[in-house]
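To start, the structure under review is shown below, and the notes come after it.
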Amino acid sequence: MRYITFSKNIFIPVTNVCRNACDYCVFKARSLEEAYVIEKREFLEGITNCGAVTEALFTAGEKPELAHLAHFFTDRLASLGCSTLIEYTKELCKLAIKQGLLPHCNLGVLNRAELKELRPVNASIGLMLETTSELEAHKNSPGKDPNLRLAMMEEAGRLKIPFTTGILVGIGEEKGDHIRALEAIKSVHGQYGHIQEVIIQPFLPKPFTPMGDKTPPSFEELKDVVRAAKDILPNEIAIQVPPNLTSPTELIELGASDLGGIAEKTIDYINPESPWPREDELRRRVAPFELRERLPIYPRYIKKGWYSEEIRPLIERYADEEGLRKRDGF
Ligand code: SF4
């Protein structure tokens with residue numbers, strides 16, 4: 001391994017209305033007062049002042065049209081001229097592309113038609129598998145059914161969409177679950193070859209949530225999961241560890257090779273208490289390896305041509321001959 005990668009992104013929470021209710025979540029709107037849908041004006045202001053980033057990371061609550069705040073969501077969307085999350089997010093993706101950003105959507109479980117809608121305007125798409133177990137933490141979250149999530153990953157594979165997934169460590173899963181989850185990811189990748197990275201994300205308890213008093217996983221547990229990922233996953237799948245949630249240095253020695261998206265201009269809306277380290281700090285932490293910037297589509301899929309004509313000009317503008325970001329930025 002010659003380098004450790006990361007991407008520069010801007011984090012765009014399209015809406016916090018969600019049909020699920022995970023016991024560890026602080027992102028979902030619990031009341032009408034908390035609920036929002038980002039407006040195009042607000043979105044454009046954000047992306048025009050975001051510095052030298054290449055990735056627009058779109059996140060949203062899952063299937064807001066089915067949430068208990070669905071009326072709020074559909075009314076807001078209608079006032080913005082759209083009727084579904086996918087239609088609206090697709091418009092935002094097109095605006096992002098016009099502004100020179102490569103979109104990556106993580107909108108929860110999507111069906112084949114929705115994936116097909118989003119594919120032309122996304123460099124890659126993501127969905128955390130999280131676990132293969134039925135967990136207490138997900139008792140009110142129909143979208144966290146691992147079978148649904150694996151089915152979406154398979155559909156993305158059939159559509160040749162470069163895909164990001166991952167597992168959550170410490171949300172009440174049994175010992176052995178990480179192995180099963182990693183084996184399941186390996187199996188889907190074995191069929192379609194589309195998994196570009198697997199995030200190993202530690203659970204961090206949040207105050208005022210049902211899991212607020214739970215103990216987070218120890219660093220030793222995290223190291224065990226990274227070791228298992230290195231053993232189980234093929235080398236071509238990057239193991240990603242988020243540097244705002246854990247210390248990456250030892251995990252890199254065990255096989256992690258990517259630090260994910262770093263958003264210097266926006267917070268991590270899923271873990272708002274954990275600021276991202278600055279690029280120079282990351283560089284210091286990964287030494288002696290070189291830190292290289294990548295795009296939201298990994299080099300392998302650029303070489304395979306797994307992207308649309310809509311985003312081709314941006315890939316040609318940003319990628320070097322290795323498929324990483326050109327060292328001089330543009
Ligand atoms: S699916 Fe995501 S946004 Fe929705 S409740 Fe669970 S963690 Fe929160």
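Ordering of the structure tokens sets the chain letters (A, B, ...); residue numbers start at 1 within each chain; ligands are numbered from 1 in the order shown.
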Cut-off 6 Å, only C-alpha atoms and all ligand atoms, neighbours of ligand 1 as a count of residues only: 9
I'd like a table as CSV: residues in segment 163-276 of chain A with an atom no more than 8 Å from segment 130-134 of chain A, each row giving the shortest atom pair and its distance in Å to one decimal, only C-alpha atoms counted, sorted by chain and rising residue number.
```
residue,atom,partner,partner_atom,distance
A:Gly166,CA,A:Glu130,CA,5.9
A:Ile167,CA,A:Glu130,CA,3.8
A:Leu168,CA,A:Glu130,CA,4.7
A:Val169,CA,A:Glu130,CA,7.8
A:Glu173,CA,A:Ser133,CA,6.6
A:Glu174,CA,A:Ser133,CA,7.9
A:Asp177,CA,A:Thr132,CA,6.5
A:His178,CA,A:Thr131,CA,7.0
A:Arg180,CA,A:Thr132,CA,6.7
A:Ala181,CA,A:Thr132,CA,5.4
```
Quick one: everything within 9 Å of segment 218-222 of chain A, counting only C-alpha atoms, minus sequence neighbours fewer than 6 positions away in the same chain. Send it as a compact mmCIF listing (two decimals) with N, CA and C atoms, in the first residue's frame.
```
# COMPACT_ATOMS: atom_id res chain seq x y z
N VAL A 169 -20.38 -0.73 14.63
CA VAL A 169 -19.83 -1.59 15.69
C VAL A 169 -20.32 -1.06 17.04
N GLY A 170 -20.99 -1.94 17.82
CA GLY A 170 -21.36 -1.55 19.19
C GLY A 170 -22.82 -1.18 19.36
N ILE A 200 -15.97 0.94 8.57
CA ILE A 200 -16.06 0.32 9.90
C ILE A 200 -16.31 1.47 10.87
N GLN A 201 -17.55 1.61 11.29
CA GLN A 201 -17.94 2.81 12.06
C GLN A 201 -18.30 2.45 13.49
N PRO A 202 -17.61 3.04 14.47
CA PRO A 202 -17.96 2.75 15.86
C PRO A 202 -19.20 3.54 16.29
N THR A 246 -12.62 7.84 15.46
CA THR A 246 -11.62 6.94 16.03
C THR A 246 -10.23 7.41 15.61
N SER A 247 -9.23 6.84 16.27
CA SER A 247 -7.86 7.20 15.91
C SER A 247 -7.39 6.24 14.81
N LEU A 251 -5.27 1.50 13.16
CA LEU A 251 -6.18 0.78 12.28
C LEU A 251 -5.61 0.69 10.87
```
Selection near segment 294-298 of chain A, 10 Å with only C-alpha atoms, sequence-local residues under 5 positions removed, as a PyMOL selection string: chain A and resi 4-9+53-57+101-104+122-125+161-164+195-197+237-238+258+260-261+303+306-307+315+318-320+322-326
Selection near Glu136 of chain A, 9 Å with only C-alpha atoms, sequence-local residues under 6 positions removed, as a PyMOL selection string: chain A and resi 23+171-172
